[in-house]
Every structure is written in structure tokens, then in C-alpha cells.
Amino acid sequence: MERIVYMDHASATSLSPEVKEAMMPYLDEVFWNPSVVYDLGSRVKDAIEDAREKVADLINAEPDEIVFTSSGAEANNLAIKGIAFANPKKGKRIIVSAIEHHSVLNSARFFERLGYEVTFLPVDRYGLVDPERLKKAISPDTVLVSIMHANNEIGTIEPIKELCEIAHENGSFFHTDAVATVGNIPVDVKELGIDLLSLSGISLGAPKGTGALYFKKNTRLMPLIHGGIQERGRRAGTENVPGIIGLGKAAELRVKNLEERAKKLTSLRDRLIQGVTSSIPKVHFTGHPEKRLPNHASFCIEGIEGEALIFMLSANNVYANTGSACASKALKTSPVLVAIGLSDVVAQGSVVFTLDESNSPEDVDHVLNVLPQVARRLREMSPVWKE
Amino acid sequence: MERIVYMDHASATSLSPEVKEAMMPYLDEVFWNPSVVYDLGSRVKDAIEDAREKVADLINAEPDEIVFTSSGAEANNLAIKGIAFANPKKGKRIIVSAIEHHSVLNSARFFERLGYEVTFLPVDRYGLVDPERLKKAISPDTVLVSIMHANNEIGTIEPIKELCEIAHENGSFFHTDAVATVGNIPVDVKELGIDLLSLSGISLGAPKGTGALYFKKNTRLMPLIHGGIQERGRRAGTENVPGIIGLGKAAELRVKNLEERAKKLTSLRDRLIQGVTSSIPKVHFTGHPEKRLPNHASFCIEGIEGEALIFMLSANNVYANTGSACASKALKTSPVLVAIGLSDVVAQGSVVFTLDESNSPEDVDHVLNVLPQVARRLREMSPVWKE
Amino acid sequence: MYSQKVMEHFSNPRNTGEIPQADGVGEVGNPACGDMMTFYIKVKDGRIEDVKYKTFGCVAAIAVSSMVSEMVKGKTLEEAKTITNKAVAEALDGLPKQKMHCSNLGAKALKEAIKDYEIKVLGKEHESELAKKNVKRTAECTHCGVSNPITAKFCMNCGEKMED
Amino acid sequence: MYSQKVMEHFSNPRNTGEIPQADGVGEVGNPACGDMMTFYIKVKDGRIEDVKYKTFGCVAAIAVSSMVSEMVKGKTLEEAKTITNKAVAEALDGLPKQKMHCSNLGAKALKEAIKDYEIKVLGKEHESELAKKNVKRTAECTHCGVSNPITAKFCMNCGEKMED
Ligand SMILES: Cc1ncc(COP(=O)(O)O)c(C=O)c1O
Ligand SMILES: Cc1ncc(COP(=O)(O)O)c(C=O)c1O
Ligand code: FES
Ligand code: FES
């Protein structure tokens with residue numbers, strides 16, 4: 001059989017048998033609505049609360065600080081809109097980094113129409129936000145600072161604790177989009193000190209369409225989805241019960257082997273980075289070399305365009321991503337890659353590998369065999385490429 | 001084996017083997033993110049579009065008029081906030097009926113803080129909104145009228161087509177929360193003429209945590225969840241793929257036997273209504289006797305309280321609801337029952353049966369055996385009850 | 001959600017009913033709000049010789065009144081007066097947080113019955129009805145705990161309907 | 001998402017490369033925007049004797065240039081000029097809606113090459129560069145189709161980033 005190498009785990013992962021099995025009963029046997037009064041409803045309710053505990057455990061939070069959402073994007077929207085709408089008196093400025101996920105950027109921009117000002121903090125060539133910049137940008141009317149824990153396109157991990165302290169000195173709330181980190185590196189909300197944190201099932205081995213927002217106890221939050229008393233009034237709508245159970249199980253599994261997993265993936269990642277940068281000329285390794293997700297290797301290959309690259313890789317049984325899964329069909333230069341100072345042309349040739357425990361050193365070697373060939377082929381027919 | 005009678009199908013239904021089977025592959029085998037560029041992503045994307053077609057078919061819409069959401073509540077929030085935020089020039093008045101679901105009521109009330117006025121239309125003793133009332137209440141600055149297709153607590157079906165015409169003559173958008181009707185009676189968006197319609201998986205035999213909003217082509221809509229380009233920019237976040245596939249399959253199954261199902265349930269319903277009203281003194285049948293959901297029978301039993309009633313029924317293997325699943329734990333008198341003119345005391349004794357094809361005439365007879373006994377026991381110990 | 005003890009008392013409530021010529025009757029709650037209890041006591045030699053009640057309310061309300069009746073039967077009036085909501089809830093192996101308010105009702109109704117007896121039989125004055133006109137400017141949402149103006153119909157924070 | 005024909009041309013693009021002493025060269029697009037094509041033609045007796053190209057761009061862009069090269073090889077210049085975007089897309093069994101813009105590029109680059117040839121060899125004048133300064137006040141969002149002010153960076157309606 002031909003080797004198939006899937007290295008796009010940040011976009012989606014096949015559910016493990018454990019996670020799948022945990023969910024199954026909640027599709028038919030244990031089907032009751034968790035909100036009903038009779039005792040059968042409590043069985044489902046209890047299972048949800050159990051999942052909430054497991055998710056809380058993964059990030060060292062209390063269970064009642066967790067709201068389940070339908071995605072990481074919803075968690076980001078709930079954080080930003082929830083804080084801004086609930087705290088109008090603090091002021092009308094929101095600060096985000098220039099490399100946030102669309103769901104953060106566009107939630108912030110939504111408030112521009114409501115008379116808010118949004119400040120975008122630049123990053124350095126590694127994608128790091130400079131705390132000094134935040135100090136300068138922050139103002140008494142800044143209600144919220146939102147800076148992602150790690151960037152999904154370049155893998156850089158931001159100095160959240162330091163940034164959060166600056167926000168708190170100013171009396172501003174601090175939110176971090178931790179979709180790329182939770183489940184990949186240890187994340188401790190108390191240690192970080194933040195007020196709100198978003199996570200998504202997709203980076204945990206949980207089903208798609210699941211996520212959660214951590215909010216520090218007593219944080220005022222306007223619901224994004226108004227209605228009934230589900231999630232203690234923070235988020236209405238009948239719960240995606242199987243999804244929540246799957247998220248809980250996945251969180252439980254990750255808690256157990258977080259360190260070991262990170263170690264394994266770091267070694268694969270470094271083998272990949274080392275191999276790519278040494279075998280392909282004019283390749284730009286993107287993001288920070290050390291402050292970096294263990295499962296993440298990203299590059300820009302000069303002279304070629306990302307979509308063609310991804311397709312030709314997939315024709316050779318290698319599956320990777322170009323930029324974020326969301327942006328990849330929007331045919332635009334990635335704002336993240338522009339923000340770290342790459343030219344538009346170079347940024348076109350973006351390729352991102354995200355690893356998982358199912359990947360082996362042989363997988364990496366396969367990529368190291370295929371990628372240079374593919375790059376060469378595409379460069380040969382590129383009017384932009386000159387040897 | 002003892003007979004267990006579950007008659008709370010509006011709260012939740014066990015997935016049919018067909019629906020469950022349709023979802024299964026999307027948990028592991030076909031796990032790719034639908035937004036990725038490589039061909040495997042298209043397989044998932046195509047499956048989502050297929051589901052979209054099936055949901056559209058169920059309500060005679062076009063596929064590109066459907067946005068998938070994570071619940072009926074989210075669909076209601078998206079409709080109301082989406083229209084109000086996207087059309088600020090039209091004006092700052094929103095009209096809803098007094099008996100809307102919490103997710104509609106609270107979405108509308110959210111705008112009160114933003115300087116909007118919300119008008120609540122009263123209903124008659126059957127729960128019907130009088131079109132003349134809407135004519136009087138509507139004003140040039142009314143941006144949106146939202147009136148539910150059928151009420152979940154009393155089963156009454158509203159004259160949507162007529163109400164919608166009044167809104168349109170005024171240049172206002174019209175939304176209907178059709179969570180209680182879609183899948184239970186034929187719903188045709190073109191025939192109704194409405195601009196927006198919400199539906200939920202829970203009333204279709206689809207998984208919990210699924211829903212959809214229909215919006216007429218070219219309707220301006222501000223996203224509720226901002227971010228990437230999923231759902232063509234209307235709703236960000238990685239899709240709940242198995243949920244969407246389940247919703248599509250469930251819609252397909254309902255299209256096929258909608259009429260036959262309604263006929264069967266109507267006869268069970270009438271047997272239940274007939275039996276309850278004739279065997280229990282001082283019981284109030286709620287809602288409209290004819291303009292009524294085929295699967296819905298609702299009552300208020302004087303002298304007793306709903307939660308105790310539901311628990312004692314469940315101790316006798318009968319599962320029913322009291323008011324809406326959301327409100328049932330809020331310990332408040334149902335606003336719907338107050339709106340139809342019942343006194344607070346009477347409204348406490350609310351019990352709602354929602355039927356499904358899995359229910360038989362014998363189930364109904366079991367309820368007719370148990371309910372009068374339970375009512376008698378609770379009344380015996382009630383200080384409010386006098387023979 | 002309910003303990004087995006609660007369910008057991010709910011399914012088989014003790015001492016239900018009225019006492020036709022009761023020495024004291026106490027009524028609390030309001031059926032319009034979903035809960036009302038009437039306690040009846042028969043007193044002999046300073047002891048609660050018999051106790052009965054009628055309850056309109058939820059599972060917790062019924063279990064609480066049953067438990068209160070068991071706890072005070074045979075007790076002296078002074079002993080009975082010391083019964084706390086907490087003790088009732090504990091005797092029931094706990095009550096869900098949002099139902100604690102029921103446990104208050106049971107003890108309250110009983111104490112009202114004792115007061116009624118003391119006024120009728122002993123001539124004691126009713127204490128000035130709990131100086132309960134403490135003018136509140138804010139109300140806490142029972143769902144999310146955030147303070148709201150008392151005029152708020154829905155919680156500003158979580159959007160849930162405010163209890164009146 | 002792509003037709004088999006597209007994938008086939010992408011995987012095995014025909015006529016790739018440069019023509020060192022080309023009679024006409026046409027270049028369109030901008031690599032900074034993700035797509036650029038350069039077409040080279042050799043003309044003999046008013047016919048396109050040879051055609052080659054280099055393409056920087058997506059799968060569709062590569063397939064389109066390959067298809068255009070096949071379609072015009074051996075054709076007269078006048079025939080080649082009549083090639084339409086639609087014809088190219090059809091020959092590829094269709095292109096995804098959001099990729100139609102690529103099909104334009106292929107025909108455009110070829111026509112630029114013909115123009116270049118005509119100027120260089122026949123002395124024809126370039127037509128005044130498409131009166132393309134039609135001052136637009138609004139831009140349509142490519143996702144939801146709603147009109148936005150040209151200054152909008154994100155669609156007012158769906159929030160998606162606006163194309164420049
Ligand atoms: C009339 C009505 N609208 C909306 C909803 C909310 O649907 P969901 O539970 O999927 O959020 C319900 C749920 O019971 C309902 O009955
Ligand atoms: C950094 C980051 N934030 C948020 C999201 C959105 O998560 P979801 O896809 O669950 O909506 C993603 C998804 O790729 C992400 O990478
Ligand atoms: S009747 Fe009051 S909460 Fe139980
Ligand atoms: S390169 Fe332009 S859309 Fe293909």
C-alpha cells in the first residue's frame with residue numbers, strides 16, 4: 001500500500017475509538033434533553049457536567065468557568081462581543097494583534113460600526129507581539145485586549161502572561177484565542193492570569209463543531225446566543241450533547257499524555273523543519289524557532305502558489321494546508337504572513353504542516369522526499385522563479 | 001416488561017438507525033475539514049451541500065437560502081440580530097408576539113439596551129395573534145416582525161401568511177420561528193412569503209445541537225458568529241459535520257412521510273385530548289382546538305404544580321413536559337399561559353404531550369390510565385384544591 | 001438532580017392531610033408563584049402531638065414538608081422552633097441549589113403554625129412582620145449572579161428573566 | 001471541486017516553458033495577488049506555430065493556461081483572438097465560480113502576446129489600455145454579494161474581507 005501522509009491535524013482529526021465510543025450512547029440510547037425536569041434528563045445533564053469538568057481540568061479552570069460553544073470561532077465571538085456589550089462603561093476601544101484569527105478580527109471590526117475603535121498591534125518577524133507596544137497602545141477606555149496564545153499559520157507562541165498583566169494594570173479584560181495551543185501544550189488559565197480563553201474541539205481530537213470559552217468567575221458576559229437557561233444563561237439552545245461528551249473525552253485523553261505527546265511531536269517537527277530548509281533553496285521558515293507549537297512546521301516556498309502546491313502534494317499522498325483553513329479559499333494573501341514582513345509574492349507559497357501522534361518519522365521522510373520534487377516542478381513552470 | 005411511554009418528543013428524540021448510520025462515517029473515516037483546499041475536503045463539502053439541499057427541500061427553499069446553525073435558538077438569534085444590525089436605517093422597532101420562545105424574546109430585548117423599542121403583541125385565549133393588532137402596532141420604523149409559526153407550549157398555529165403580508169406592506173422584514181412546525185406539518189417558505197425562518201434538529205429527529213435559518217435570497221444579514229467564509233460568510237466556525245449530515249438525512253426522511261405521519265399523530269392526539277378532558281375535572285385544554293400541531297396536546301390541571309406532576313408521571317413511566325424545556329427549571333409561571341389568560345395558579349399545572357410515530361394508541365390509553373390517578377393524588381395533598 | 005431521600009419522601013409523603021380542629025395553622029407561599037404550604041399542628045403539654053400539611057409545589061416542596069413533619073412530630077414547641085432550613089435540607093441529603101428556597105418554606109410554615117397556636121392559645125403577640133421593607137435598589141440574577149436594577153425584567157448580563 | 005479535466009491538465013500541463021526568441025510575449029496578473037501568466041508565441045504565415053507559457057497561480061490557473069495553449073496551437077491569429085473565457089472554462093468541463101477569474105487570465109495573456117506580436121512585427125498600435133478608470137463608488141462582496149463602500153475592508157454584511 002502507498003504511504004498516505006496526513007499532516008493537517010490542525011484542520012481536522014479522525015476521532016479516536018475512545019472518543020467515538022464515548023459519544024455513541026448519546027445519539028440514541030441516552031437521548032433525553034438535558035433541560036427536562038424528569039430524572040432521565042439529569043442523566044444527560046450529569047454527563048455534560050462531567051465533560052465540563054474534564055475540559056476545565058485540561059486548562060486548570062473551575063467547571064463553572066466553562067461555557068460550551070459550537071466552535072472555536074463562536075467562543076471567540078462570545079468573548080469579544082460578550083465583554084464589549086456587557087461593559088460599555090469601561091470604554092470603546094478594543095486592542096487585538098494583527099495576526100488574530102478571522103473570528104477575532106471580524107468580531108472586533110463589528111464594533112467599529114458601533115462607534116468603537118479597534119487597534120491592531122503589529123508583530124515582529126517571528127510573529128511576536130511586543131509587550132512594549134501594548135503598553136503604548138493601551139488607553140483608559142480600552143475594554144478588551146485579545147491576543148492569541150499561538151498563531152495557527154506560523155506556530156508562534158505569544159508572551160500571554162506578560163501581555164495580560166499590562167491589560168490588567170489598565171483595568172482592561174484580557175482574552176486569548178488558545179485554539180492552537182489547548183491540547184498541544186500545557187495551558188493553565190490561572191498561571192496565565194487571563195480573563196477569557198477560547199478553545200476548539202478540532203485541535204483536541206474532539207468532534208468538529210465543538211468548542212468552549214473559559215471565563216474567570218464573576219466576569220460579566222453578554223450572551224451571544226440569547227434565550228433559555230442552558231449553560232447557566234450564558235448560551236442558549238439545546239446542547240450538542242454527543243459533541244460535548246466527545247469534547248470531554250478528548251480533553252481527558254489529552255490531559256494524560258500532553259507532555260509525552262509534545263516531546264514526540266517536537267522531534268518530528270524539528271526533523272521536518274531541518275529537512276525542508278536544507279533541501280529546498282529559497283524556502284522561508286516562518287514563525288519562531290523556539291517559542292513554537294510542538295506540532296507545527298510552516299514555510300513559504302518562493303516562486304510558487306499555495307493552492308497548486310497543496311494539490312500537487314496531495315497528488316503525491318501528502319496532505320498539508322496553506323494558511324488557515326478558513327482563508328485558504330479566499331484567494332488573498334495571508335495577513336499573518338504580511339504582518340511578519342514577507343512580501344506578497346513570497347507569502348503566496350505558504351505551506352503548513354501540523355502533526356499528530358499518528359505521524360511517524362517515516363511520514364516525515366516521505367514529505368522530505370515529495371516536497372522538493374513538487375516545488376521543483378512548480379517552479380519550472382513559474383514565471384516568477386529564476387534559478 | 002412495563003410499558004414506558006415517552007411523549008416529550010418536542011424536547012428530544014432518539015435518532016433513527018438511518019440518521020445515525022448516515023452520520024457515522026463523518027466521525028472518523030470521512031473526517032476532513034470541509035474548508036481545506038485539497039480534494040478530500042470537497043468530499044465533506046459536497047456532503048454538507050447535499051444536506052443543505054435536503055433541508056431546503058423540506059421547506060421549499062433554495063439551497064443557498066439555508067444557513068446551518070448549532071440550534072433553533074441560534075437561528076432565532078441570527079435572524080433577529082442579523083436583520084436588526086444589517087438594516088439600522090429602516091428603524092429601531094421590533095415587533096414580536098407575547099408568546100415567542102425565549103431565544104426570540106431575549107434577542108429582541110437585547111436591542112432595548114441599544115435604543116430599540118420592542119413591541120409585544122398580545123394573543124387571544126387560543127394563543128392566536130390577531131392580524132388587526134399587528135396592523136395597529138406596526139410603524140414606519142419597524143425593521144422586523146417576528147411571530148412564531150406554532151407555539152411549543154400550546155400547539156397553536158399562527159396565521160403567518162396574513163401577518164407577513166402586513167409586515168411587507170410596511171416594508172418590514174418578517175421572521176418566523178418554525179421550530180415547532182418544520183417536520184410536523186408541511187411548511188412552504190414561498191407560500192408563506194416570509195423573509196426568514198428558523199428550524200431546529202430536535203423537532204425533526206435530527207441530532208441535538210443542529211438547526212438552520214432560511215433567509216430569502218438577497219436578504220441582508222449581519223452574521224452572529226463572525227469569522228471565516230464558512231456558510232458563505234454568514235456563519236463562521238468549523239462545521240458540525242456529523243450534525244449537519246444527520247439534519248439532512250432527517251429532513252429527507254420527514255419529507256417522505258409528512259402527511260401520513262401527521263394523520264396518524266392527529267388521531268392519537270385527539271384520542272388523548274378527548275380522554276383527558278373527559279376523565280379529569282377542572283382540566284383546561286390549552287391552545288387552539290383546530291389550528292393546532294398534529295403531535296401536540298397540552299393542558300393545565302388545576303390545583304397542582306407542574307414539576308411534581310411530571311415527576312409523579314415519570315414514576316409511572318409516563319414522560320411528558322411542563323411548559324417549554326427551557327422554562328421548566330426556571331420556576332416561573334409560563335408567560336405563554338399567562339398570555340392566553342390563565343391565572344397564575346392554573347398555569348402552574350401545565351402538562352404538554354408531544355407525540356411521535358413511535359407512540360401507539362396503547363400508549364395513549366396508558367396515559368389516560370395514569371394521569372387521572374396522579375392528578376387525584378397530588379390534588380389530595382394540595383391546599384389549593386377543593387372538590 | 002434530587003437525592004434518593006427527596007424522591008422517597010416525594011413518592012410517599014408522610015403525614016399529609018389536614019387536622020380539622022388544629023391548635024395552630026400556618027400558611028406560607030403563594031400558589032401563583034408555584035408554591036404554597038399549609039401546616040396544621042395539634043399541641044399537647046407543650047409538645048407537637050400531631051402534625052399534618054397540605055402542599056402545592058414542586059418535588060422539593062413536597063419532600064420538604066414531609067421531612068419537616070417527621071422532624072417535629074413529638075418535639076416540644078421550643079425544640080421545633082429551632083429547626084433550620086439547613087437541617088431540613090441535610091436531612092434530605094441535600095437539595096439542588098435552585099430549590100433551597102423550598103426548604104425555607106417548610107420550616108417557615110411550621111413556625112407560622114406554632115405562632116398561630118401561641119397567639120390563639122397563649123395570647124402572644126405576633127412579632128412585627130419581619131421588617132421586610134428593606135428598600136432594595138438591586139436584585140441578583142438567580143442564574144448568573146450579577147446585580148441588576150430592580151426594574152430589570154431580564155438580567156442585563158445573561159438575559160435570563162429576572163425573578164420578581 | 002475541480003473537474004477531472006482540470007485536474008488532468010494541472011497534473012500534466014501541455015506546452016509549458018518559454019520560447020527564447022518569441023514573436024510575441026504577453027504577461028498578465030500580479031504574483032502579489034496570487035496569479036501571473038506569461039504566454040509566448042511563435043507566428044508563421046499568420047498562424048500560431050508554437051505556444052508556450054509560464055504560470056504562477058492556483059490549480060485553475062495552471063489548467064487554464066494549459067488548455068488555452070492547446071486550443072490555439074496551429075490556429076490563425078484571428079481565430080485565436082476569438083477565444084473566450086467561457087470557451088476555455090467549457091473546454092475544462094467548467095470551473096468553480098470563485099475561480100472563473102482565472103479563465104479570464106489565460107485568454108487575456110494569449111491576446112496580449114498576439115498584440116505584442118502585432119506591434120513588434122506589424123507596427124500596430126496598442127489600443128488605449130482599456131478605459132479602466134471607471135470610478136467605482138461601491139464594491140460587491142464576493143461572498144454575499146452585498147454592495148459596500150469601496151473603503152470597506154470587510155463586508156458590512158457578512159464580515160468577510162473585501163477583495164481589493
Ligand atoms: C418554538 C421554539 N423555538 C426555538 C426553540 C429552540 O430550539 P433549540 O433547542 O434547537 O435551540 C425551541 C426549543 O424547544 C422551541 O420550542
Ligand atoms: C487560532 C484559531 N482560532 C480559532 C479557530 C476557529 O476554530 P473553529 O474552527 O472551531 O471555529 C481556528 C481554526 O482553525 C484557529 O486556528
Ligand atoms: S416549589 Fe418552590 S422551588 Fe419548589
Ligand atoms: S490563480 Fe487566480 S483564482 Fe486561480
# chains A, B, ... in the order shown; residues from 1 in each chain; ligands from 1
$ select_by_dssp --residues "stretch 206-357 of chain B" --states "helix (DSSP H, G or I)" --output "PyMOL selection string"
chain B and resi 230-233+241-279+306-315+327-329+335-339+344-348
$ closest_atom_pairs --of "chain A" --to "ligand 2" --cutoff "9 Å" --atoms "only C-alpha atoms and all ligand atoms" --output "CSV"
residue,atom,partner,partner_atom_place_in_ligand_line,distance
A:Ala10,CA,ligand 2,14 (O),6.6
A:Ser11,CA,ligand 2,14 (O),6.0
A:Ala12,CA,ligand 2,14 (O),8.9
A:Ser70,CA,ligand 2,10 (O),7.4
A:Ser71,CA,ligand 2,10 (O),3.7
A:Gly72,CA,ligand 2,7 (O),3.5
A:Ala73,CA,ligand 2,11 (O),3.6
A:Glu74,CA,ligand 2,11 (O),6.3
A:Ala75,CA,ligand 2,11 (O),7.9
A:Asn76,CA,ligand 2,4 (C),7.0
A:Glu100,CA,ligand 2,1 (C),7.0
A:His101,CA,ligand 2,3 (N),5.0
A:His102,CA,ligand 2,4 (C),7.6
A:Ser103,CA,ligand 2,4 (C),6.5
A:Val104,CA,ligand 2,3 (N),7.7
A:Met148,CA,ligand 2,1 (C),6.8
A:His149,CA,ligand 2,1 (C),8.0
A:Ala150,CA,ligand 2,1 (C),6.8
A:Asn151,CA,ligand 2,1 (C),5.6
A:Asn152,CA,ligand 2,16 (O),4.7
A:Glu153,CA,ligand 2,16 (O),7.6
A:Asp177,CA,ligand 2,3 (N),5.7
A:Ala178,CA,ligand 2,1 (C),6.6
A:Val179,CA,ligand 2,2 (C),4.9
A:Ala180,CA,ligand 2,1 (C),5.1
A:Thr181,CA,ligand 2,1 (C),8.4
A:Ser198,CA,ligand 2,4 (C),7.7
A:Leu199,CA,ligand 2,7 (O),7.4
A:Ser200,CA,ligand 2,10 (O),4.5
A:Gly201,CA,ligand 2,10 (O),6.2
A:Ile202,CA,ligand 2,10 (O),5.9
A:Ser203,CA,ligand 2,10 (O),8.1
A:Lys208,CA,ligand 2,10 (O),6.8
A:Gly209,CA,ligand 2,10 (O),6.2
A:Thr210,CA,ligand 2,10 (O),6.4
A:Gly211,CA,ligand 2,10 (O),6.1
A:Ser324,CA,ligand 2,14 (O),6.1
A:Ala325,CA,ligand 2,14 (O),6.1
A:Cys326,CA,ligand 2,14 (O),6.9
$ interface_residues --of "chain B" --to "chain D" --cutoff "7 Å" --atoms "only C-alpha atoms" --output "list of chain:residue names"
B:Asp39, B:Ser42, B:Ala86, B:Arg220, B:Leu221, B:Met222, B:Pro223, B:His226, B:Gly228, B:Ile229, B:Arg232, B:Gly233, B:Arg234
$ atom_distance --atom1 "atom CA of B:Asp344" --atom2 "atom CA of B:Trp385"
14.4 Å
$ residues_near_ligand --ligand "ligand 4" --cutoff "10 Å" --atoms "only C-alpha atoms and all ligand atoms" --output "number ranges by chain"
A: 305-308, 329-332; D: 29-31, 33-37, 55-64, 96-105
$ closest_residue --among "B:Ile59, B:Leu313, B:Ile157, B:Val189" --to "chain A" --atoms "only C-alpha atoms"
B:Leu313
